[in-house]
file start25.csv (CSV, C-alpha atoms and all ligand atoms)
chain,number,residue,atom,x,y,z
A,5,MET,CA,4.2,6.4,36.9
A,6,THR,CA,5.7,5.6,33.5
A,7,MET,CA,4.1,2.8,31.5
A,8,GLY,CA,6.9,2.4,29.0
A,9,LEU,CA,8.0,-1.1,28.3
A,10,PHE,CA,5.7,-2.7,30.9
A,11,ASP,CA,2.5,-1.2,29.7
A,12,PRO,CA,0.4,-4.4,29.1
A,13,ASP,CA,-1.2,-2.8,26.0
A,14,THR,CA,2.2,-2.1,24.4
A,15,GLU,CA,3.3,-5.6,25.3
A,16,LYS,CA,0.2,-7.1,23.7
A,17,LEU,CA,0.6,-5.0,20.5
A,18,ALA,CA,4.2,-5.9,20.2
A,19,ARG,CA,3.5,-9.6,20.6
A,20,ALA,CA,0.7,-9.4,18.0
A,21,HIS,CA,3.0,-7.5,15.7
A,22,LEU,CA,5.7,-10.3,15.9
A,23,ARG,CA,3.1,-12.9,15.3
A,24,LEU,CA,1.9,-11.0,12.2
A,25,LEU,CA,5.5,-10.9,10.7
A,26,ALA,CA,5.7,-14.7,11.0
A,27,GLU,CA,2.3,-15.0,9.3
A,28,ILE,CA,3.4,-12.7,6.5
A,29,ALA,CA,6.6,-14.9,6.0
A,30,ALA,CA,4.4,-18.0,5.9
A,31,ASN,CA,2.0,-16.5,3.4
A,32,ALA,CA,4.8,-15.5,1.2
A,33,ALA,CA,6.0,-19.1,1.1
A,34,GLU,CA,2.5,-20.4,0.4
A,35,THR,CA,1.9,-18.1,-2.5
A,36,ALA,CA,5.3,-18.3,-4.1
A,37,THR,CA,4.0,-20.3,-7.1
A,38,TRP,CA,1.9,-17.3,-8.1
A,39,THR,CA,4.1,-14.4,-7.0
A,40,GLY,CA,7.6,-15.8,-7.6
A,41,ARG,CA,8.6,-14.4,-4.2
A,42,PRO,CA,8.9,-17.2,-1.6
A,43,GLU,CA,10.5,-14.7,0.8
A,44,PHE,CA,10.1,-10.9,0.9
A,45,SER,CA,13.3,-8.9,1.2
A,46,GLY,CA,14.9,-8.2,4.6
A,47,ALA,CA,14.3,-4.5,4.0
A,48,VAL,CA,10.6,-5.0,3.3
A,49,MET,CA,10.2,-7.2,6.4
A,50,ALA,CA,12.1,-4.6,8.5
A,51,ALA,CA,9.7,-1.9,7.2
A,52,MET,CA,6.7,-4.1,8.1
A,53,ALA,CA,8.3,-4.6,11.6
A,54,LYS,CA,8.8,-0.9,12.1
A,55,VAL,CA,5.6,0.8,10.9
A,56,PRO,CA,3.1,1.0,13.8
A,57,ARG,CA,0.0,-0.3,12.1
A,58,HIS,CA,-2.2,0.4,15.2
A,59,GLN,CA,-1.7,4.1,14.6
A,60,PHE,CA,-3.4,3.8,11.2
A,61,VAL,CA,-6.7,2.3,12.3
A,62,ARG,CA,-9.5,3.8,14.3
A,63,PRO,CA,-8.8,3.9,18.1
A,64,GLU,CA,-11.4,1.3,18.8
A,65,ASP,CA,-9.8,-1.1,16.3
A,66,ARG,CA,-6.2,-0.9,17.7
A,67,VAL,CA,-6.2,-4.4,19.1
A,68,ALA,CA,-7.1,-5.9,15.8
A,69,ALA,CA,-4.6,-3.8,13.9
A,70,TYR,CA,-2.0,-6.7,13.8
A,71,VAL,CA,-4.5,-9.3,12.6
A,72,ASN,CA,-3.6,-10.3,9.1
A,73,ARG,CA,-6.8,-9.0,7.6
A,74,PRO,CA,-8.0,-5.8,5.9
A,75,GLN,CA,-10.0,-3.5,8.2
A,76,SER,CA,-12.5,-0.7,7.8
A,77,ILE,CA,-11.2,2.8,8.0
A,78,GLY,CA,-14.5,4.6,7.5
A,79,PHE,CA,-16.0,6.2,4.3
A,80,GLY,CA,-16.6,2.6,3.0
A,81,GLN,CA,-12.8,2.2,2.5
A,82,THR,CA,-10.4,-0.3,4.0
A,83,ILE,CA,-6.8,-0.5,5.1
A,84,SER,CA,-5.2,-3.4,3.1
A,85,GLN,CA,-4.3,-6.8,4.5
A,86,PRO,CA,-0.7,-6.7,5.9
A,87,TYR,CA,0.5,-9.6,3.8
A,88,ILE,CA,-0.8,-7.9,0.6
A,89,VAL,CA,0.9,-4.6,1.7
A,90,ALA,CA,4.2,-6.6,2.1
A,91,LEU,CA,3.8,-8.4,-1.2
A,92,MET,CA,2.9,-5.3,-3.3
A,93,THR,CA,5.9,-3.5,-1.7
A,94,ASP,CA,8.3,-6.3,-2.3
A,95,LEU,CA,7.2,-6.5,-6.0
A,96,LEU,CA,8.2,-2.9,-6.5
A,97,ASP,CA,12.0,-3.6,-5.8
A,98,LEU,CA,12.4,-0.2,-4.1
A,99,HIS,CA,15.7,1.3,-3.2
A,100,SER,CA,16.6,4.5,-1.3
A,101,ALA,CA,16.5,6.7,-4.3
A,102,SER,CA,13.2,5.4,-5.7
A,103,ARG,CA,10.5,7.9,-6.5
A,104,VAL,CA,7.1,6.3,-5.9
A,105,LEU,CA,3.6,7.2,-6.9
A,106,GLU,CA,0.8,5.6,-4.8
A,107,ILE,CA,-2.9,5.8,-5.8
A,108,GLY,CA,-5.3,5.3,-2.9
A,109,THR,CA,-3.7,6.7,0.2
A,110,GLY,CA,-6.5,5.5,2.5
A,111,SER,CA,-5.2,5.3,6.0
A,112,GLY,CA,-1.6,6.1,4.9
A,113,TYR,CA,-0.3,2.7,6.2
A,114,GLN,CA,1.0,1.5,2.8
A,115,THR,CA,2.4,5.0,2.3
A,116,ALA,CA,4.4,4.7,5.5
A,117,VAL,CA,5.8,1.3,4.5
A,118,LEU,CA,6.9,2.7,1.1
A,119,ALA,CA,8.4,5.8,2.8
A,120,GLU,CA,10.6,3.5,4.9
A,121,LEU,CA,12.2,2.1,1.8
A,122,ALA,CA,12.0,4.7,-1.0
A,123,GLY,CA,13.5,8.2,-1.5
A,124,ARG,CA,10.2,10.0,-2.0
A,125,VAL,CA,6.6,9.0,-2.0
A,126,PHE,CA,3.8,10.9,-3.8
A,127,SER,CA,0.3,9.6,-2.8
A,128,VAL,CA,-3.0,10.6,-4.3
A,129,GLU,CA,-6.4,10.0,-2.5
A,130,ARG,CA,-9.8,10.7,-3.9
A,131,LEU,CA,-11.5,11.4,-0.6
A,132,GLU,CA,-10.2,14.7,0.8
A,133,ALA,CA,-11.1,13.7,4.4
A,134,LEU,CA,-8.9,10.6,4.2
A,135,ALA,CA,-6.1,12.5,2.5
A,136,ALA,CA,-6.1,15.1,5.2
A,137,ALA,CA,-6.1,12.5,8.0
A,138,ALA,CA,-3.3,10.5,6.4
A,139,ARG,CA,-1.2,13.6,5.8
A,140,SER,CA,-1.3,14.6,9.4
A,141,ARG,CA,-0.9,11.1,10.8
A,142,LEU,CA,2.2,10.5,8.6
A,143,ALA,CA,3.7,13.9,9.6
A,144,ALA,CA,3.0,13.2,13.3
A,145,ILE,CA,4.9,9.8,13.1
A,146,GLY,CA,7.7,11.7,11.4
A,147,TYR,CA,7.7,10.8,7.7
A,148,ALA,CA,9.2,13.8,5.9
A,149,ASN,CA,9.6,12.2,2.4
A,150,VAL,CA,5.9,11.8,1.7
A,151,GLU,CA,3.5,14.1,-0.1
A,152,VAL,CA,-0.3,13.4,0.0
A,153,ARG,CA,-2.7,15.1,-2.3
A,154,GLY,CA,-6.5,14.9,-2.7
A,155,GLY,CA,-7.3,14.2,-6.3
A,156,ASP,CA,-8.3,11.7,-9.0
A,157,GLY,CA,-5.6,9.0,-9.3
A,158,PHE,CA,-6.7,8.2,-12.9
A,159,ASP,CA,-4.6,11.3,-13.7
A,160,GLY,CA,-1.6,10.2,-11.7
A,161,TRP,CA,0.7,13.1,-10.6
A,162,PRO,CA,2.2,14.5,-13.8
A,163,GLU,CA,4.2,17.3,-12.1
A,164,HIS,CA,6.3,14.7,-10.3
A,165,ALA,CA,6.6,12.1,-13.1
A,166,PRO,CA,8.3,9.9,-14.1
A,167,PHE,CA,8.1,7.4,-11.3
A,168,ASP,CA,10.4,4.4,-10.7
A,169,ALA,CA,7.5,2.6,-9.0
A,170,ILE,CA,3.7,3.0,-9.1
A,171,ILE,CA,1.4,1.2,-6.6
A,172,VAL,CA,-2.4,1.3,-7.0
A,173,THR,CA,-4.4,0.2,-4.0
A,174,ALA,CA,-7.9,0.5,-5.5
A,175,ALA,CA,-9.0,-1.6,-8.5
A,176,PRO,CA,-9.7,-0.2,-11.9
A,177,GLU,CA,-11.0,-2.4,-14.8
A,178,ARG,CA,-8.0,-1.5,-16.9
A,179,THR,CA,-4.7,0.2,-16.2
A,180,PRO,CA,-5.2,4.0,-16.4
A,181,ALA,CA,-3.3,5.4,-19.4
A,182,ALA,CA,-1.8,8.3,-17.4
A,183,LEU,CA,-0.2,5.8,-15.0
A,184,ILE,CA,1.4,3.9,-17.9
A,185,GLU,CA,2.7,7.2,-19.2
A,186,GLN,CA,4.2,8.2,-15.9
A,187,LEU,CA,6.1,5.0,-15.3
A,188,ALA,CA,9.9,5.5,-15.9
A,189,PRO,CA,12.0,3.2,-18.1
A,190,GLY,CA,13.0,0.4,-15.8
A,191,GLY,CA,10.0,1.1,-13.7
A,192,ARG,CA,7.6,-1.3,-12.0
A,193,MET,CA,3.8,-0.9,-11.3
A,194,VAL,CA,1.7,-3.1,-9.1
A,195,ILE,CA,-2.0,-2.8,-9.6
A,196,PRO,CA,-5.2,-4.9,-8.9
A,197,LEU,CA,-7.2,-5.1,-12.2
A,198,GLY,CA,-10.8,-6.2,-12.6
A,199,ARG,CA,-14.4,-5.5,-11.9
A,200,VAL,CA,-15.8,-5.1,-8.5
A,201,HIS,CA,-17.5,-8.3,-7.2
A,202,GLU,CA,-15.6,-10.3,-9.9
A,203,THR,CA,-12.1,-11.7,-9.6
A,204,GLN,CA,-9.5,-9.0,-9.6
A,205,HIS,CA,-5.9,-9.9,-10.3
A,206,LEU,CA,-2.9,-8.3,-8.7
A,207,THR,CA,-0.8,-7.5,-11.8
A,208,LEU,CA,2.8,-6.5,-12.2
A,209,ILE,CA,3.6,-4.2,-15.1
A,210,THR,CA,7.2,-3.5,-15.9
A,211,ARG,CA,8.7,-1.1,-18.4
A,212,ALA,CA,12.1,-2.1,-19.9
A,213,GLU,CA,14.8,0.4,-20.2
A,214,GLY,CA,14.0,0.5,-23.9
A,215,GLY,CA,10.4,1.4,-23.1
A,216,ARG,CA,8.7,-2.0,-23.8
A,217,LEU,CA,5.9,-2.9,-21.4
A,218,SER,CA,5.2,-6.4,-20.1
A,219,GLU,CA,2.4,-7.5,-17.8
A,220,GLN,CA,2.0,-10.5,-15.5
A,221,ALA,CA,-1.1,-11.4,-13.6
A,222,MET,CA,-0.4,-12.9,-10.2
A,223,LEU,CA,-2.8,-13.4,-7.3
A,224,PRO,CA,-6.6,-13.1,-7.2
A,225,VAL,CA,-7.4,-10.2,-4.8
A,226,ALA,CA,-10.3,-8.1,-3.5
A,227,PHE,CA,-9.8,-4.4,-3.5
A,228,VAL,CA,-12.3,-1.5,-3.3
A,229,PRO,CA,-13.0,-0.1,-6.7
A,230,MET,CA,-11.0,2.8,-8.2
A,231,VAL,CA,-13.6,5.4,-8.7
A,232,ARG,CA,-13.6,8.3,-11.1
A,233,GLY,CA,-15.4,11.6,-10.5
A,234,PRO,CA,-16.0,14.2,-7.9
A,235,MET,CA,-14.6,13.8,-4.3
A,236,LEU,CA,-16.9,13.9,-1.3
A,301,LIG,N1,-3.4,1.7,0.9
A,301,LIG,C1,-4.6,2.0,1.6
A,301,LIG,C2,-5.8,1.3,1.0
A,301,LIG,C3,-6.9,2.2,1.0
A,301,LIG,S1,-8.3,1.5,0.2
A,301,LIG,C4,-4.4,1.6,3.1
A,301,LIG,O1,-3.7,0.6,3.3
A,301,LIG,O2,-5.0,2.2,4.0
A,301,LIG,C5,-8.2,2.3,-1.4
A,301,LIG,C6,-8.3,3.8,-1.4
A,301,LIG,O3,-8.4,4.2,-2.8
A,301,LIG,C7,-9.6,4.4,-0.8
A,301,LIG,O4,-9.2,5.3,0.2
A,301,LIG,C8,-10.3,5.2,-1.9
A,301,LIG,O5,-10.9,6.4,-1.5
A,301,LIG,C9,-9.1,5.4,-2.9
A,301,LIG,N2,-9.5,5.7,-4.3
A,301,LIG,C10,-10.5,5.1,-5.0
A,301,LIG,N3,-10.5,5.6,-6.2
A,301,LIG,C11,-9.5,6.5,-6.3
A,301,LIG,C12,-9.0,7.4,-7.3
A,301,LIG,N4,-9.6,7.5,-8.5
A,301,LIG,N5,-8.0,8.2,-7.0
A,301,LIG,C13,-7.4,8.2,-5.8
A,301,LIG,N6,-7.8,7.4,-4.8
A,301,LIG,C14,-8.9,6.6,-5.0
call {"tool": "encode", "arguments": {"input": "start25.csv", "output": "structure tokens", "more": "lines below"}}
Ligand code: SAH
result
Amino acid sequence: MTMGLFDPDTEKLARAHLRLLAEIAANAAETATWTGRPEFSGAVMAAMAKVPRHQFVRPEDRVAAYVNRPQSIGFGQTISQPYIVALMTDLLDLHSASRVLEIGTGSGYQTAVLAELAGRVFSVERLEALAAAARSRLAAIGYANVEVRGGDGFDGWPEHAPFDAIIVTAAPERTPAALIEQLAPGGRMVIPLGRVHETQHLTLITRAEGGRLSEQAMLPVAFVPMVRGPML
């Protein structure tokens, strides 16, 4: 017997997914004073609607995948809150030719959302086990415009620079110099800055066509720390 459309689990997930999209839209309106984005673009919302978040969490956590919260993905790391994923993606102003660098692949969920919107996505993850799991998960779902590499994100990915957009999903205290160097003229970077256990600020850094940088702190956020040093 085929389950298909009438599988109660599929139904439940689909309903939770729709509810989540409504919550993301409500959160965007509530935080507009800080972010300047009362609505996220239709393309970003369509990507949030399309990516199957339940495939990026541990099997026992599938039911909670569409709750608007971060979740544990093992190794002391988390999959980011859906609203934050949507906000960070929206702030990058991606288009179909954008080349994107992501630091902190984690589950690969944010990577998939980026891959729906951009031309190519290069993602660096410090923990080799998470990088490998995300790489095979993204390939299995069918993302062909993504490359995931194990490595230290403090170095960026110089071989593929410059990038139109850079997104960092772990918090350093200061913006890593290599990432500034690898941001193209006209490029946009979204990065949480601050110490662990203190307030971090989601920050938008833009580089004008002439090269000039500007920085704007937005929302207080709580990300895992961006860690230097050897991988596990
Ligand atoms: N976007 C991910 C969030 C993962 S949490 C998701 O939604 O699933 C942040 C990730 O950053 C963790 O997996 C952590 O291992 C990674 N990380 C921390 N320091 C890093 C570094 N220096 N370089 C690359 N990745 C790093």
call {"tool": "closest_atom_pairs", "arguments": {"input": "start25.csv", "of": "chain A", "to": "ligand LIG 301 (chain A)", "cutoff": "9 Å", "atoms": "only C-alpha atoms and all ligand atoms", "output": "JSON lines"}}
result
{"residue": "A:Phe60", "atom": "CA", "partner": "A:LIG301", "partner_atom": "O2", "distance": 7.5}
{"residue": "A:Val61", "atom": "CA", "partner": "A:LIG301", "partner_atom": "O2", "distance": 8.5}
{"residue": "A:Pro74", "atom": "CA", "partner": "A:LIG301", "partner_atom": "O1", "distance": 8.1}
{"residue": "A:Gln75", "atom": "CA", "partner": "A:LIG301", "partner_atom": "O2", "distance": 8.7}
{"residue": "A:Ser76", "atom": "CA", "partner": "A:LIG301", "partner_atom": "O2", "distance": 8.9}
{"residue": "A:Ile77", "atom": "CA", "partner": "A:LIG301", "partner_atom": "O2", "distance": 7.4}
{"residue": "A:Phe79", "atom": "CA", "partner": "A:LIG301", "partner_atom": "O5", "distance": 7.7}
{"residue": "A:Gly80", "atom": "CA", "partner": "A:LIG301", "partner_atom": "C7", "distance": 8.2}
{"residue": "A:Gln81", "atom": "CA", "partner": "A:LIG301", "partner_atom": "C7", "distance": 5.1}
{"residue": "A:Thr82", "atom": "CA", "partner": "A:LIG301", "partner_atom": "S1", "distance": 4.7}
{"residue": "A:Ile83", "atom": "CA", "partner": "A:LIG301", "partner_atom": "O2", "distance": 3.4}
{"residue": "A:Ser84", "atom": "CA", "partner": "A:LIG301", "partner_atom": "O1", "distance": 4.3}
{"residue": "A:Gln85", "atom": "CA", "partner": "A:LIG301", "partner_atom": "O1", "distance": 7.5}
{"residue": "A:Pro86", "atom": "CA", "partner": "A:LIG301", "partner_atom": "O1", "distance": 8.3}
{"residue": "A:Val89", "atom": "CA", "partner": "A:LIG301", "partner_atom": "O1", "distance": 7.1}
{"residue": "A:Glu106", "atom": "CA", "partner": "A:LIG301", "partner_atom": "N1", "distance": 8.1}
{"residue": "A:Ile107", "atom": "CA", "partner": "A:LIG301", "partner_atom": "C13", "distance": 5.1}
{"residue": "A:Gly108", "atom": "CA", "partner": "A:LIG301", "partner_atom": "O3", "distance": 3.3}
{"residue": "A:Thr109", "atom": "CA", "partner": "A:LIG301", "partner_atom": "C1", "distance": 5.0}
{"residue": "A:Gly110", "atom": "CA", "partner": "A:LIG301", "partner_atom": "O4", "distance": 3.6}
{"residue": "A:Ser111", "atom": "CA", "partner": "A:LIG301", "partner_atom": "O2", "distance": 3.7}
{"residue": "A:Gly112", "atom": "CA", "partner": "A:LIG301", "partner_atom": "O2", "distance": 5.3}
{"residue": "A:Tyr113", "atom": "CA", "partner": "A:LIG301", "partner_atom": "O1", "distance": 4.9}
{"residue": "A:Gln114", "atom": "CA", "partner": "A:LIG301", "partner_atom": "N1", "distance": 4.8}
{"residue": "A:Thr115", "atom": "CA", "partner": "A:LIG301", "partner_atom": "N1", "distance": 6.8}
{"residue": "A:Ser127", "atom": "CA", "partner": "A:LIG301", "partner_atom": "C13", "distance": 8.4}
{"residue": "A:Val128", "atom": "CA", "partner": "A:LIG301", "partner_atom": "C13", "distance": 5.2}
{"residue": "A:Glu129", "atom": "CA", "partner": "A:LIG301", "partner_atom": "N6", "distance": 3.7}
{"residue": "A:Arg130", "atom": "CA", "partner": "A:LIG301", "partner_atom": "C13", "distance": 4.0}
{"residue": "A:Leu131", "atom": "CA", "partner": "A:LIG301", "partner_atom": "O5", "distance": 5.1}
{"residue": "A:Glu132", "atom": "CA", "partner": "A:LIG301", "partner_atom": "O5", "distance": 8.6}
{"residue": "A:Leu134", "atom": "CA", "partner": "A:LIG301", "partner_atom": "O4", "distance": 6.6}
{"residue": "A:Ala135", "atom": "CA", "partner": "A:LIG301", "partner_atom": "O4", "distance": 8.2}
{"residue": "A:Ala138", "atom": "CA", "partner": "A:LIG301", "partner_atom": "O2", "distance": 8.8}
{"residue": "A:Gly154", "atom": "CA", "partner": "A:LIG301", "partner_atom": "C13", "distance": 7.4}
{"residue": "A:Gly155", "atom": "CA", "partner": "A:LIG301", "partner_atom": "C13", "distance": 6.0}
{"residue": "A:Asp156", "atom": "CA", "partner": "A:LIG301", "partner_atom": "N5", "distance": 4.0}
{"residue": "A:Gly157", "atom": "CA", "partner": "A:LIG301", "partner_atom": "N5", "distance": 3.4}
{"residue": "A:Phe158", "atom": "CA", "partner": "A:LIG301", "partner_atom": "N4", "distance": 5.3}
{"residue": "A:Asp159", "atom": "CA", "partner": "A:LIG301", "partner_atom": "N5", "distance": 8.1}
{"residue": "A:Gly160", "atom": "CA", "partner": "A:LIG301", "partner_atom": "N5", "distance": 8.2}
{"residue": "A:Ile171", "atom": "CA", "partner": "A:LIG301", "partner_atom": "N1", "distance": 8.9}
{"residue": "A:Val172", "atom": "CA", "partner": "A:LIG301", "partner_atom": "O3", "distance": 7.9}
{"residue": "A:Thr173", "atom": "CA", "partner": "A:LIG301", "partner_atom": "C5", "distance": 5.1}
{"residue": "A:Ala174", "atom": "CA", "partner": "A:LIG301", "partner_atom": "C5", "distance": 4.5}
{"residue": "A:Ala175", "atom": "CA", "partner": "A:LIG301", "partner_atom": "N3", "distance": 7.7}
{"residue": "A:Pro176", "atom": "CA", "partner": "A:LIG301", "partner_atom": "N3", "distance": 8.2}
{"residue": "A:Phe227", "atom": "CA", "partner": "A:LIG301", "partner_atom": "S1", "distance": 7.1}
{"residue": "A:Val228", "atom": "CA", "partner": "A:LIG301", "partner_atom": "C5", "distance": 5.9}
{"residue": "A:Pro229", "atom": "CA", "partner": "A:LIG301", "partner_atom": "C10", "distance": 6.0}
{"residue": "A:Met230", "atom": "CA", "partner": "A:LIG301", "partner_atom": "N3", "distance": 3.5}
{"residue": "A:Val231", "atom": "CA", "partner": "A:LIG301", "partner_atom": "N3", "distance": 4.0}
{"residue": "A:Arg232", "atom": "CA", "partner": "A:LIG301", "partner_atom": "N4", "distance": 4.8}
{"residue": "A:Gly233", "atom": "CA", "partner": "A:LIG301", "partner_atom": "N4", "distance": 7.4}
{"residue": "A:Met235", "atom": "CA", "partner": "A:LIG301", "partner_atom": "O5", "distance": 8.7}
call {"tool": "residues_around", "arguments": {"input": "start25.csv", "residues": "Ala47 (chain A)", "least_positions_apart": "4", "cutoff": "9 Å", "atoms": "all atoms listed in the file", "output": "number ranges by chain"}}
result
A: 51-52, 94, 120-121
call {"tool": "atom_distance", "arguments": {"input": "start25.csv", "atom1": "CA of Ile88 (chain A)", "atom2": "CA of Arg153 (chain A)"}}
result
23.3 Å
call {"tool": "atom_distance", "arguments": {"input": "start25.csv", "atom1": "CA of Arg62 (chain A)", "atom2": "CA of Tyr87 (chain A)"}}
result
19.7 Å
call {"tool": "residues_around", "arguments": {"input": "start25.csv", "residues": "Thr39 (chain A)", "least_positions_apart": "6", "cutoff": "10 Å", "atoms": "only C-alpha atoms", "output": "count of residues only"}}
result
12
call {"tool": "atom_distance", "arguments": {"input": "start25.csv", "atom1": "CA of Glu185 (chain A)", "atom2": "CA of Arg103 (chain A)"}}
result
14.9 Å
call {"tool": "closest_residue", "arguments": {"input": "start25.csv", "among": "A:Val152, A:Ala20, A:Leu98, A:Ala212", "to": "Val67 (chain A)", "atoms": "all atoms listed in the file"}}
result
A:Ala20
call {"tool": "residues_near_point", "arguments": {"input": "start25.csv", "point": "(12.6, 1.0, -15.9)", "cutoff": "8 Å", "atoms": "all atoms listed in the file", "output": "list in words"}}
result
Asp168, Leu187, Ala188, Pro189, Gly190, Gly191, Arg192, Thr210, Arg211, Ala212, Glu213 and Gly215 of chain A
